[in-house]
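J.: Next comes query_24.txt, compact mmCIF, C-alpha atoms:
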```txt
# COMPACT_ATOMS: atom_id res chain seq x y z
CA GLU A 1 56.68 -26.76 -68.32
CA PHE A 2 55.17 -23.27 -68.41
CA ARG A 3 51.49 -22.58 -67.99
CA ARG A 4 49.55 -19.46 -68.89
CA VAL A 5 47.50 -17.70 -66.23
CA LEU A 6 43.99 -16.94 -67.52
CA PHE A 7 44.01 -13.84 -69.74
CA ARG A 8 47.44 -12.81 -68.47
CA SER A 9 50.74 -12.85 -70.34
CA ILE A 10 52.60 -14.49 -67.48
CA HIS A 11 54.13 -17.95 -67.39
CA TYR A 12 55.30 -19.96 -64.41
CA SER A 13 56.58 -23.41 -63.58
CA THR A 14 54.52 -26.13 -61.93
CA GLY A 15 53.60 -25.17 -58.37
CA GLY A 16 54.56 -21.56 -58.89
CA PHE A 17 51.12 -19.96 -58.96
CA PRO A 18 51.48 -17.98 -55.67
CA LEU A 19 54.73 -16.46 -56.91
CA ALA A 20 53.22 -15.78 -60.34
CA LYS A 21 50.28 -14.01 -58.69
CA PHE A 22 52.67 -11.73 -56.80
CA VAL A 23 54.59 -10.99 -60.01
CA MET A 24 51.36 -10.24 -61.87
CA ASN A 25 50.14 -7.72 -59.30
CA ASP A 26 53.59 -6.16 -58.89
CA ALA A 27 54.04 -5.83 -62.65
CA GLU A 28 50.71 -4.06 -63.12
CA LYS A 29 51.57 -1.55 -60.38
CA ASN A 30 55.04 -0.92 -61.77
CA LEU A 31 53.83 -0.60 -65.34
CA THR A 32 51.67 2.38 -64.35
CA GLU A 33 54.49 4.09 -62.46
CA ILE A 34 57.04 3.58 -65.24
CA ARG A 35 54.61 4.75 -67.89
CA ASN A 36 54.09 7.98 -65.94
CA THR A 37 57.85 8.47 -65.58
CA LEU A 38 58.54 8.01 -69.29
CA GLN A 39 55.37 9.87 -70.31
CA TYR A 40 54.76 7.09 -72.82
CA ILE A 41 51.73 4.87 -73.43
CA TYR A 42 52.79 1.31 -74.19
CA ASN A 43 50.00 -0.60 -75.89
CA GLY A 44 51.90 -3.81 -76.55
CA LYS A 45 51.73 -7.03 -74.60
CA ILE A 46 54.46 -7.81 -72.09
CA GLU A 47 55.09 -11.46 -71.27
CA LEU A 48 56.61 -12.41 -67.93
CA LEU A 49 58.38 -15.73 -67.41
CA VAL A 50 58.78 -16.51 -63.72
CA PHE A 51 61.36 -18.98 -62.40
CA GLY A 52 61.16 -20.32 -58.87
CA ASP A 53 64.91 -20.13 -58.30
CA ILE A 54 68.08 -18.90 -59.95
CA SER A 55 69.26 -22.37 -61.05
CA ASP A 56 66.24 -22.84 -63.33
CA TYR A 57 66.70 -19.29 -64.60
CA VAL A 58 70.37 -19.84 -65.46
CA GLN A 59 69.70 -23.17 -67.20
CA SER A 60 67.00 -21.73 -69.43
CA ASN A 61 67.98 -20.77 -72.98
CA LEU A 62 64.78 -18.84 -73.67
CA GLY A 63 66.55 -15.52 -73.35
CA PHE A 64 69.31 -16.23 -75.85
CA VAL A 65 68.93 -15.08 -79.44
CA PRO A 66 71.21 -14.51 -82.45
CA ASP A 67 73.73 -11.70 -82.00
CA ASP A 68 72.07 -9.32 -84.45
CA ALA A 69 68.83 -9.37 -82.50
CA ASN A 70 70.23 -9.39 -78.98
CA TYR A 71 69.60 -5.88 -77.72
CA ASN A 72 69.54 -6.58 -74.01
CA THR A 73 72.57 -4.46 -73.14
CA GLY A 74 73.51 -5.39 -69.59
CA GLY A 75 71.56 -5.62 -66.35
CA THR A 76 70.45 -8.70 -64.45
CA THR A 77 66.97 -9.00 -65.93
CA ARG A 78 66.95 -10.97 -69.17
CA VAL A 79 64.79 -9.33 -71.82
CA ILE A 80 64.11 -10.48 -75.36
CA GLY A 81 61.52 -8.60 -77.38
CA ASN A 82 58.53 -8.21 -75.09
CA LYS A 83 59.47 -11.16 -72.86
CA ILE A 84 60.89 -10.52 -69.38
CA MET A 85 62.51 -13.37 -67.46
CA VAL A 86 62.72 -13.05 -63.67
CA TYR A 87 63.61 -15.41 -60.84
CA PHE A 88 62.91 -15.56 -57.12
CA ASP A 89 65.91 -15.80 -54.78
CA GLY A 90 63.92 -15.46 -51.58
CA ASP A 91 63.95 -11.66 -51.63
CA HIS A 92 60.73 -10.02 -52.85
CA GLN A 93 62.47 -6.64 -53.07
CA HIS A 94 65.02 -8.10 -55.48
CA LEU A 95 62.21 -9.67 -57.50
CA ASP A 96 60.43 -6.31 -57.66
CA GLN A 97 63.63 -4.67 -58.93
CA GLN A 98 63.95 -7.28 -61.69
CA ILE A 99 60.35 -6.65 -62.75
CA ARG A 100 60.80 -2.88 -62.79
CA GLU A 101 64.03 -3.06 -64.77
CA GLY A 102 62.49 -5.48 -67.25
CA ILE A 103 59.40 -3.33 -67.84
CA ALA A 104 61.52 -0.19 -68.11
CA ARG A 105 63.79 -1.83 -70.70
CA VAL A 106 60.89 -3.14 -72.80
CA MET A 107 59.21 0.28 -72.83
CA MET A 108 62.46 2.14 -73.45
CA LEU A 109 63.35 -0.12 -76.40
CA ASN A 110 59.85 0.43 -77.76
CA VAL A 111 60.24 4.20 -77.54
CA LEU A 112 63.67 4.26 -79.18
CA PHE A 113 63.62 1.40 -81.66
CA GLY A 114 60.03 0.41 -82.42
CA SER A 115 57.48 -2.22 -81.56
CA ASN A 116 58.59 -5.32 -83.49
CA VAL A 117 61.87 -7.24 -83.76
CA GLN A 118 62.57 -6.28 -87.37
CA GLU A 119 62.03 -2.59 -86.66
CA VAL A 120 64.21 -2.81 -83.56
CA VAL A 121 67.12 -4.41 -85.42
CA GLN A 122 66.90 -1.96 -88.33
CA ASN A 123 66.77 1.12 -86.11
CA ALA A 124 69.50 -0.18 -83.81
CA LEU A 125 71.81 -0.51 -86.80
CA LEU A 126 71.01 3.00 -88.07
CA PHE A 127 72.07 4.86 -84.94
CA ASP A 128 74.32 3.71 -82.14
CA LEU A 129 73.36 4.96 -78.70
CA PRO A 130 75.98 4.73 -75.94
CA ASP A 131 75.39 2.19 -73.19
CA TRP A 132 75.30 4.87 -70.48
CA TYR A 133 72.32 6.51 -72.21
CA VAL A 134 70.28 3.32 -72.61
CA ASP A 135 71.20 1.47 -69.41
CA GLY A 136 71.08 4.69 -67.40
CA ILE A 137 67.46 5.41 -68.22
CA VAL A 138 66.50 1.82 -67.42
CA LYS A 139 68.17 2.06 -64.00
CA TYR A 140 66.72 5.48 -63.26
CA THR A 141 63.20 4.56 -64.39
CA ALA A 142 63.29 1.31 -62.46
CA CYS A 143 64.92 2.52 -59.22
CA ASN A 144 64.70 6.33 -59.28
CA TRP A 145 67.49 8.28 -57.57
CA THR A 146 68.16 6.93 -54.07
CA VAL A 147 69.90 8.27 -50.98
CA ASP A 148 72.69 5.75 -51.56
CA ASP A 149 73.13 7.07 -55.12
CA ASP A 150 73.33 10.61 -53.81
CA ASN A 151 75.87 9.67 -51.14
CA ARG A 152 78.00 7.77 -53.62
CA LEU A 153 78.16 10.63 -56.11
CA ARG A 154 78.75 13.19 -53.34
CA ASP A 155 81.64 11.10 -52.07
CA LEU A 156 83.20 10.95 -55.55
CA PHE A 157 82.94 14.73 -55.94
CA ASN A 158 84.23 15.47 -52.45
CA ARG A 159 87.23 13.18 -52.94
CA GLU A 160 87.84 14.97 -56.26
CA VAL A 161 87.60 11.74 -58.22
CA ILE A 162 85.19 13.41 -60.65
CA HIS A 163 86.44 16.42 -62.61
CA SER A 164 84.19 16.03 -65.64
CA PHE A 165 81.36 14.05 -67.20
CA TRP A 166 83.90 11.70 -68.73
CA ASP A 167 85.54 10.79 -65.42
CA LEU A 168 82.36 9.13 -64.19
CA MET A 169 81.88 7.59 -67.64
CA ALA A 170 85.19 5.77 -67.25
CA LEU A 171 84.36 4.74 -63.68
CA ASP A 172 80.77 3.49 -64.07
CA PRO A 173 78.82 4.23 -67.30
CA THR A 174 75.48 2.94 -65.97
CA PHE A 175 75.71 5.03 -62.82
CA LEU A 176 76.63 8.03 -64.96
CA GLY A 177 73.53 7.42 -67.08
CA LYS A 178 71.33 7.15 -64.01
CA SER A 179 72.70 10.43 -62.66
CA PHE A 180 72.20 12.09 -66.05
CA TRP A 181 68.50 11.23 -66.22
CA TYR A 182 68.09 12.37 -62.62
CA TYR A 183 69.73 15.67 -63.62
CA VAL A 184 67.24 16.00 -66.52
CA LYS A 185 64.30 15.32 -64.22
CA GLU A 186 65.48 17.85 -61.63
CA ASN A 187 66.22 20.66 -64.10
CA TYR A 188 63.47 20.33 -66.70
CA ASP A 189 59.73 19.67 -66.75
CA ALA A 190 58.09 16.24 -66.52
CA SER A 191 57.71 15.81 -70.27
CA THR A 192 61.39 16.39 -71.08
CA MET A 193 62.49 12.79 -70.65
CA GLY A 194 59.83 11.45 -73.01
CA ASN A 195 60.45 14.24 -75.53
CA LEU A 196 64.19 13.59 -75.46
CA LEU A 197 63.68 9.91 -76.24
CA TYR A 198 61.13 10.68 -78.96
CA ILE A 199 63.29 13.23 -80.80
CA THR A 200 66.30 10.93 -80.49
CA ARG A 201 64.32 8.18 -82.20
CA ILE A 202 62.80 10.38 -84.92
CA ASN A 203 66.13 11.92 -85.92
CA ARG A 204 68.17 8.81 -85.09
CA SER A 205 70.56 11.05 -83.19
CA MET A 206 71.19 11.67 -79.52
CA GLU A 207 72.74 15.02 -80.42
CA SER A 208 69.50 16.11 -82.12
CA GLY A 209 67.58 15.25 -78.99
CA PHE A 210 69.81 17.52 -76.91
CA LEU A 211 69.57 20.39 -79.41
CA PHE A 212 65.80 20.25 -79.93
CA VAL A 213 64.69 19.49 -76.37
CA LEU A 214 67.42 20.91 -74.11
CA ASN A 215 68.42 23.74 -76.48
CA LYS A 216 72.13 22.92 -76.14
CA ASP A 217 74.60 20.54 -77.70
CA SER A 218 76.04 17.50 -75.96
CA LYS A 219 79.21 19.29 -74.83
CA ALA A 220 77.23 22.02 -73.08
CA THR A 221 74.81 19.45 -71.65
CA TYR A 222 77.62 17.40 -70.13
CA GLN A 223 79.17 20.54 -68.64
CA ASP A 224 75.82 21.56 -67.14
CA TRP A 225 75.51 18.09 -65.61
CA PHE A 226 78.90 18.54 -63.95
CA ASN A 227 78.14 22.09 -62.78
CA TYR A 228 74.81 21.03 -61.28
CA PHE A 229 76.29 18.29 -59.12
CA GLU A 230 79.46 20.22 -58.26
CA LYS A 231 77.37 23.10 -56.92
CA ARG A 232 75.02 20.74 -55.14
CA PHE A 233 77.77 18.82 -53.37
CA LYS A 234 80.08 21.72 -52.62
CA ASP A 235 80.40 21.87 -48.86
CA SER A 236 80.27 25.53 -47.81
CA THR A 237 78.77 24.99 -44.35
CA PRO A 238 81.06 26.15 -41.52
CA ARG A 239 82.23 23.25 -39.38
CA LYS A 240 82.93 23.25 -35.65
CA ARG A 241 85.21 20.69 -34.08
CA PRO A 242 83.34 18.61 -31.46
CA ALA A 243 84.43 18.69 -27.83
CA ASP A 244 87.07 16.11 -26.95
CA LYS A 245 84.62 14.19 -24.75
CA ASN A 246 82.32 13.69 -27.76
CA ARG A 247 84.95 12.52 -30.20
CA VAL A 248 85.00 8.89 -31.33
CA ALA A 249 88.36 7.15 -31.53
CA VAL A 250 88.78 5.38 -34.87
CA ARG A 251 91.63 3.17 -35.96
CA THR A 252 92.08 3.57 -39.69
CA ASN A 253 94.59 3.29 -42.46
CA LYS A 254 95.99 6.76 -43.18
CA LYS A 255 95.94 6.00 -46.89
CA GLU A 256 92.17 5.56 -46.86
CA THR A 257 89.53 8.25 -47.00
CA ARG A 258 86.41 7.49 -44.96
CA SER A 259 83.52 9.80 -45.56
CA ILE A 260 80.31 7.84 -44.89
CA ALA A 261 79.38 6.59 -41.43
CA LYS A 262 76.62 4.09 -40.59
CA LEU A 263 75.30 2.67 -37.34
CA SER A 264 75.23 -1.04 -36.67
CA ALA A 265 71.84 -2.75 -36.33
CA ALA A 266 72.06 -2.64 -32.52
CA GLY A 267 73.16 0.98 -32.57
CA ASP A 268 76.29 0.42 -30.47
CA TYR A 269 78.91 0.59 -33.25
CA ILE A 270 79.65 3.05 -36.04
```
Will you turn the file into structure tokens for me?
T.:
Amino acid sequence: EFRRVLFRSIHYSTGGFPLAKFVMNDAEKNLTEIRNTLQYIYNGKIELLVFGDISDYVQSNLGFVPDDANYNTGGTTRVIGNKIMVYFDGDHQHLDQQIREGIARVMMLNVLFGSNVQEVVQNALLFDLPDWYVDGIVKYTACNWTVDDDNRLRDLFNREVIHSFWDLMALDPTFLGKSFWYYVKENYDASTMGNLLYITRINRSMESGFLFVLNKDSKATYQDWFNYFEKRFKDSTPRKRPADKNRVAVRTNKKETRSIAKLSAAGDYI
């Protein structure tokens, strides 16, 4: 049984009011932040369905719709129309991430495809956006670019795994998309992301968005993405070998490349 909180589009199971209250406050905070990132005013109503644990979430069929209307392309947060389904696994940070990703996906779909189901289906059929583009902006809007993201991409460049835009596409399309939108944010003004989405929708073409907003075609854009990160991660700092007394003995497989070190919680192991 789901109950509606007074004047709020949030539903929760019996006994779940404290959790629903947290979700309500967290969603309102995140909605403002995501709206500022996308530079888009969303006037629709977002409904949140909160499950107390993952078993109830998995058993629910509320998020499943016919194939032609199912435009939730990946991710862990189930979204259908303006409804976001989240669950609590004991980690409030994970719950916050689900909420952010859900809100970002609802708003992004609204920007690109329209505000109602019929409009969404019609527009989705008229132009086919790649998954990296759609899922990437959801991940970037929801999580921003983190230190772990930066370290991961730096490691891929330094190990020469990435030689072009398409190499990362083959490896992890969503991560590629996240890095692309970070590149846009770092190299253009704050309104560029919203303008890119808007022009893409109006012309039903991702290529048109690049040409009108970035003043370059997709090929040049992808090359600029690669050049930006290659220059950023290129290690030109002179290195000095540490004194023998300061070196740490490490037993490792010679076939492996280890490039990221972390301290244990107690600080006595690397």
J.: Could you produce a table of the residues of region 170-260 of chain A lying within 12 Å of region 37-46 of chain A, with the nearest pair of atoms per residue and their separation in Å rounded to one decimal, using all atoms listed in the file, ordered by chain and increasing residue number, as a tab-separated table?
T.:
```
residue	atom	partner	partner_atom	distance
A:Trp181	CA	A:Leu38	CA	10.9
A:Tyr182	CA	A:Thr37	CA	11.4
A:Lys185	CA	A:Thr37	CA	9.5
A:Asp189	CA	A:Gln39	CA	11.3
A:Ala190	CA	A:Thr37	CA	7.8
A:Ser191	CA	A:Gln39	CA	6.4
A:Thr192	CA	A:Gln39	CA	8.9
A:Met193	CA	A:Leu38	CA	6.3
A:Gly194	CA	A:Leu38	CA	5.2
A:Asn195	CA	A:Gln39	CA	8.5
A:Leu196	CA	A:Leu38	CA	10.1
A:Leu197	CA	A:Leu38	CA	8.9
A:Tyr198	CA	A:Tyr40	CA	9.5
```
J.: Any chance you can output those residues with C-alpha atoms as a PDB file, keeping the file's coordinate frame?
T.:
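Written file, out_39.pdb:
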```
ATOM      1  CA  TRP A 181      68.500  11.230 -66.220  1.00  0.00           C
ATOM      2  CA  TYR A 182      68.090  12.370 -62.620  1.00  0.00           C
ATOM      3  CA  LYS A 185      64.300  15.320 -64.220  1.00  0.00           C
ATOM      4  CA  ASP A 189      59.730  19.670 -66.750  1.00  0.00           C
ATOM      5  CA  ALA A 190      58.090  16.240 -66.520  1.00  0.00           C
ATOM      6  CA  SER A 191      57.710  15.810 -70.270  1.00  0.00           C
ATOM      7  CA  THR A 192      61.390  16.390 -71.080  1.00  0.00           C
ATOM      8  CA  MET A 193      62.490  12.790 -70.650  1.00  0.00           C
ATOM      9  CA  GLY A 194      59.830  11.450 -73.010  1.00  0.00           C
ATOM     10  CA  ASN A 195      60.450  14.240 -75.530  1.00  0.00           C
ATOM     11  CA  LEU A 196      64.190  13.590 -75.460  1.00  0.00           C
ATOM     12  CA  LEU A 197      63.680   9.910 -76.240  1.00  0.00           C
ATOM     13  CA  TYR A 198      61.130  10.680 -78.960  1.00  0.00           C
TER      14      TYR A 198
END
```
J.: From the options A:Leu48, A:Ile270, A:Leu95, A:Ile137, which residue's atoms come nearest to Pro173 (chain A), counting only C-alpha atoms?
T.: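 Among the listed residues, the smallest separation from Pro173 (chain A) belongs to A:Ile137.
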J.: To one decimal in Å, tell me the separation between CA of Phe233 (chain A) and CA of Asn158 (chain A).
T.: 7.3 Å
J.: For Ile34 (chain A), work out the shell of residues within 9 Å, counting only C-alpha atoms and skipping chain neighbours fewer than 6 positions away, then give it as a VMD selection string.
T.: chain A and resid 40 100 103 to 104 107 141 to 142
J.: How would the residues just chosen look if you wrote them out with C-alpha atoms as a short mmCIF file (atom, residue, chain, number, x, y, z; two decimals), in the coordinates of the input?
T.:
```
data_model
loop_
_atom_site.label_atom_id
_atom_site.label_comp_id
_atom_site.auth_asym_id
_atom_site.auth_seq_id
_atom_site.Cartn_x
_atom_site.Cartn_y
_atom_site.Cartn_z
CA TYR A 40 54.76 7.09 -72.82
CA ARG A 100 60.80 -2.88 -62.79
CA ILE A 103 59.40 -3.33 -67.84
CA ALA A 104 61.52 -0.19 -68.11
CA MET A 107 59.21 0.28 -72.83
CA THR A 141 63.20 4.56 -64.39
CA ALA A 142 63.29 1.31 -62.46
#
```
J.: When you draw a straight line from CA of Phe212 (chain A) to CA of Ile199 (chain A), how long is it in Å?
T.: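 So the two atoms, CA of Phe212 (chain A) and CA of Ile199 (chain A), lie 7.5 Å apart.
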J.: Write out as a PyMOL selection string the residues lying within 12 Å of region 249-253 of chain A, counting all atoms listed in the file and excluding same-chain residues fewer than 5 positions away.
T.: chain A and resi 244+258+261+269-270
J.: Could you rebuild region 129-140 of chain A with all heavy atoms and give it back as a PDB file, in the coordinates of the input?
T.:
```pdb
ATOM      1  N   LEU A 129      73.435   4.226 -79.951  1.00  0.00           N
ATOM      2  CA  LEU A 129      73.360   4.960 -78.700  1.00  0.00           C
ATOM      3  C   LEU A 129      74.360   4.392 -77.704  1.00  0.00           C
ATOM      4  O   LEU A 129      74.522   3.177 -77.613  1.00  0.00           O
ATOM      5  CB  LEU A 129      71.947   4.876 -78.115  1.00  0.00           C
ATOM      6  CG  LEU A 129      70.846   5.626 -78.863  1.00  0.00           C
ATOM      7  CD1 LEU A 129      69.485   5.292 -78.267  1.00  0.00           C
ATOM      8  CD2 LEU A 129      71.083   7.121 -78.827  1.00  0.00           C
ATOM      9  N   PRO A 130      75.028   5.237 -76.936  1.00  0.00           N
ATOM     10  CA  PRO A 130      75.980   4.730 -75.940  1.00  0.00           C
ATOM     11  C   PRO A 130      75.271   3.961 -74.832  1.00  0.00           C
ATOM     12  O   PRO A 130      74.112   4.225 -74.512  1.00  0.00           O
ATOM     13  CB  PRO A 130      76.636   6.009 -75.407  1.00  0.00           C
ATOM     14  CG  PRO A 130      75.651   7.098 -75.686  1.00  0.00           C
ATOM     15  CD  PRO A 130      74.957   6.712 -76.960  1.00  0.00           C
ATOM     16  N   ASP A 131      75.982   3.022 -74.248  1.00  0.00           N
ATOM     17  CA  ASP A 131      75.390   2.190 -73.190  1.00  0.00           C
ATOM     18  C   ASP A 131      74.922   3.022 -72.010  1.00  0.00           C
ATOM     19  O   ASP A 131      73.909   2.720 -71.382  1.00  0.00           O
ATOM     20  CB  ASP A 131      76.405   1.142 -72.723  1.00  0.00           C
ATOM     21  CG  ASP A 131      76.632   0.051 -73.758  1.00  0.00           C
ATOM     22  OD1 ASP A 131      75.824  -0.048 -74.692  1.00  0.00           O
ATOM     23  OD2 ASP A 131      77.625  -0.692 -73.629  1.00  0.00           O
ATOM     24  N   TRP A 132      75.684   4.081 -71.654  1.00  0.00           N
ATOM     25  CA  TRP A 132      75.300   4.870 -70.480  1.00  0.00           C
ATOM     26  C   TRP A 132      73.929   5.492 -70.675  1.00  0.00           C
ATOM     27  O   TRP A 132      73.155   5.634 -69.713  1.00  0.00           O
ATOM     28  CB  TRP A 132      76.344   5.948 -70.189  1.00  0.00           C
ATOM     29  CG  TRP A 132      76.422   7.090 -71.175  1.00  0.00           C
ATOM     30  CD1 TRP A 132      77.305   7.223 -72.198  1.00  0.00           C
ATOM     31  CD2 TRP A 132      75.577   8.259 -71.220  1.00  0.00           C
ATOM     32  NE1 TRP A 132      77.077   8.392 -72.886  1.00  0.00           N
ATOM     33  CE2 TRP A 132      76.030   9.050 -72.310  1.00  0.00           C
ATOM     34  CE3 TRP A 132      74.512   8.719 -70.460  1.00  0.00           C
ATOM     35  CZ2 TRP A 132      75.430  10.268 -72.640  1.00  0.00           C
ATOM     36  CZ3 TRP A 132      73.905   9.933 -70.791  1.00  0.00           C
ATOM     37  CH2 TRP A 132      74.367  10.690 -71.867  1.00  0.00           C
ATOM     38  N   TYR A 133      73.602   5.868 -71.908  1.00  0.00           N
ATOM     39  CA  TYR A 133      72.320   6.510 -72.210  1.00  0.00           C
ATOM     40  C   TYR A 133      71.169   5.518 -72.041  1.00  0.00           C
ATOM     41  O   TYR A 133      70.162   5.806 -71.394  1.00  0.00           O
ATOM     42  CB  TYR A 133      72.380   7.029 -73.644  1.00  0.00           C
ATOM     43  CG  TYR A 133      71.200   7.879 -74.092  1.00  0.00           C
ATOM     44  CD1 TYR A 133      71.259   9.260 -74.019  1.00  0.00           C
ATOM     45  CD2 TYR A 133      70.063   7.297 -74.638  1.00  0.00           C
ATOM     46  CE1 TYR A 133      70.204  10.038 -74.454  1.00  0.00           C
ATOM     47  CE2 TYR A 133      68.995   8.069 -75.072  1.00  0.00           C
ATOM     48  CZ  TYR A 133      69.074   9.441 -74.985  1.00  0.00           C
ATOM     49  OH  TYR A 133      68.020  10.214 -75.413  1.00  0.00           O
ATOM     50  N   VAL A 134      71.345   4.329 -72.621  1.00  0.00           N
ATOM     51  CA  VAL A 134      70.280   3.320 -72.610  1.00  0.00           C
ATOM     52  C   VAL A 134      70.148   2.678 -71.228  1.00  0.00           C
ATOM     53  O   VAL A 134      69.062   2.639 -70.636  1.00  0.00           O
ATOM     54  CB  VAL A 134      70.550   2.237 -73.675  1.00  0.00           C
ATOM     55  CG1 VAL A 134      69.487   1.150 -73.613  1.00  0.00           C
ATOM     56  CG2 VAL A 134      70.588   2.861 -75.072  1.00  0.00           C
ATOM     57  N   ASP A 135      71.261   2.147 -70.703  1.00  0.00           N
ATOM     58  CA  ASP A 135      71.200   1.470 -69.410  1.00  0.00           C
ATOM     59  C   ASP A 135      70.884   2.442 -68.276  1.00  0.00           C
ATOM     60  O   ASP A 135      70.251   2.074 -67.286  1.00  0.00           O
ATOM     61  CB  ASP A 135      72.527   0.764 -69.113  1.00  0.00           C
ATOM     62  CG  ASP A 135      72.789  -0.390 -70.072  1.00  0.00           C
ATOM     63  OD1 ASP A 135      71.817  -0.890 -70.655  1.00  0.00           O
ATOM     64  OD2 ASP A 135      73.961  -0.783 -70.238  1.00  0.00           O
ATOM     65  N   GLY A 136      71.332   3.685 -68.433  1.00  0.00           N
ATOM     66  CA  GLY A 136      71.080   4.690 -67.400  1.00  0.00           C
ATOM     67  C   GLY A 136      69.612   4.983 -67.228  1.00  0.00           C
ATOM     68  O   GLY A 136      69.106   5.084 -66.102  1.00  0.00           O
ATOM     69  N   ILE A 137      68.880   5.098 -68.347  1.00  0.00           N
ATOM     70  CA  ILE A 137      67.460   5.410 -68.220  1.00  0.00           C
ATOM     71  C   ILE A 137      66.681   4.221 -67.681  1.00  0.00           C
ATOM     72  O   ILE A 137      65.693   4.378 -66.963  1.00  0.00           O
ATOM     73  CB  ILE A 137      66.864   5.895 -69.562  1.00  0.00           C
ATOM     74  CG1 ILE A 137      65.498   6.538 -69.317  1.00  0.00           C
ATOM     75  CG2 ILE A 137      66.728   4.756 -70.559  1.00  0.00           C
ATOM     76  CD1 ILE A 137      64.935   7.248 -70.517  1.00  0.00           C
ATOM     77  N   VAL A 138      67.146   3.010 -67.987  1.00  0.00           N
ATOM     78  CA  VAL A 138      66.500   1.820 -67.420  1.00  0.00           C
ATOM     79  C   VAL A 138      66.677   1.804 -65.908  1.00  0.00           C
ATOM     80  O   VAL A 138      65.719   1.597 -65.153  1.00  0.00           O
ATOM     81  CB  VAL A 138      67.085   0.534 -68.037  1.00  0.00           C
ATOM     82  CG1 VAL A 138      66.576  -0.699 -67.291  1.00  0.00           C
ATOM     83  CG2 VAL A 138      66.701   0.424 -69.508  1.00  0.00           C
ATOM     84  N   LYS A 139      67.905   2.056 -65.441  1.00  0.00           N
ATOM     85  CA  LYS A 139      68.170   2.060 -64.000  1.00  0.00           C
ATOM     86  C   LYS A 139      67.408   3.178 -63.294  1.00  0.00           C
ATOM     87  O   LYS A 139      66.834   2.974 -62.219  1.00  0.00           O
ATOM     88  CB  LYS A 139      69.670   2.215 -63.739  1.00  0.00           C
ATOM     89  CG  LYS A 139      70.477   0.962 -63.977  1.00  0.00           C
ATOM     90  CD  LYS A 139      70.158  -0.102 -62.944  1.00  0.00           C
ATOM     91  CE  LYS A 139      71.060  -1.314 -63.118  1.00  0.00           C
ATOM     92  NZ  LYS A 139      70.727  -2.388 -62.127  1.00  0.00           N
ATOM     93  N   TYR A 140      67.405   4.359 -63.905  1.00  0.00           N
ATOM     94  CA  TYR A 140      66.720   5.480 -63.260  1.00  0.00           C
ATOM     95  C   TYR A 140      65.214   5.259 -63.222  1.00  0.00           C
ATOM     96  O   TYR A 140      64.559   5.493 -62.201  1.00  0.00           O
ATOM     97  CB  TYR A 140      67.023   6.800 -63.971  1.00  0.00           C
ATOM     98  CG  TYR A 140      66.252   7.951 -63.378  1.00  0.00           C
ATOM     99  CD1 TYR A 140      66.584   8.449 -62.126  1.00  0.00           C
ATOM    100  CD2 TYR A 140      65.147   8.505 -64.037  1.00  0.00           C
ATOM    101  CE1 TYR A 140      65.857   9.470 -61.546  1.00  0.00           C
ATOM    102  CE2 TYR A 140      64.423   9.524 -63.468  1.00  0.00           C
ATOM    103  CZ  TYR A 140      64.776  10.009 -62.230  1.00  0.00           C
ATOM    104  OH  TYR A 140      64.034  11.015 -61.661  1.00  0.00           O
TER     105      TYR A 140
END
```
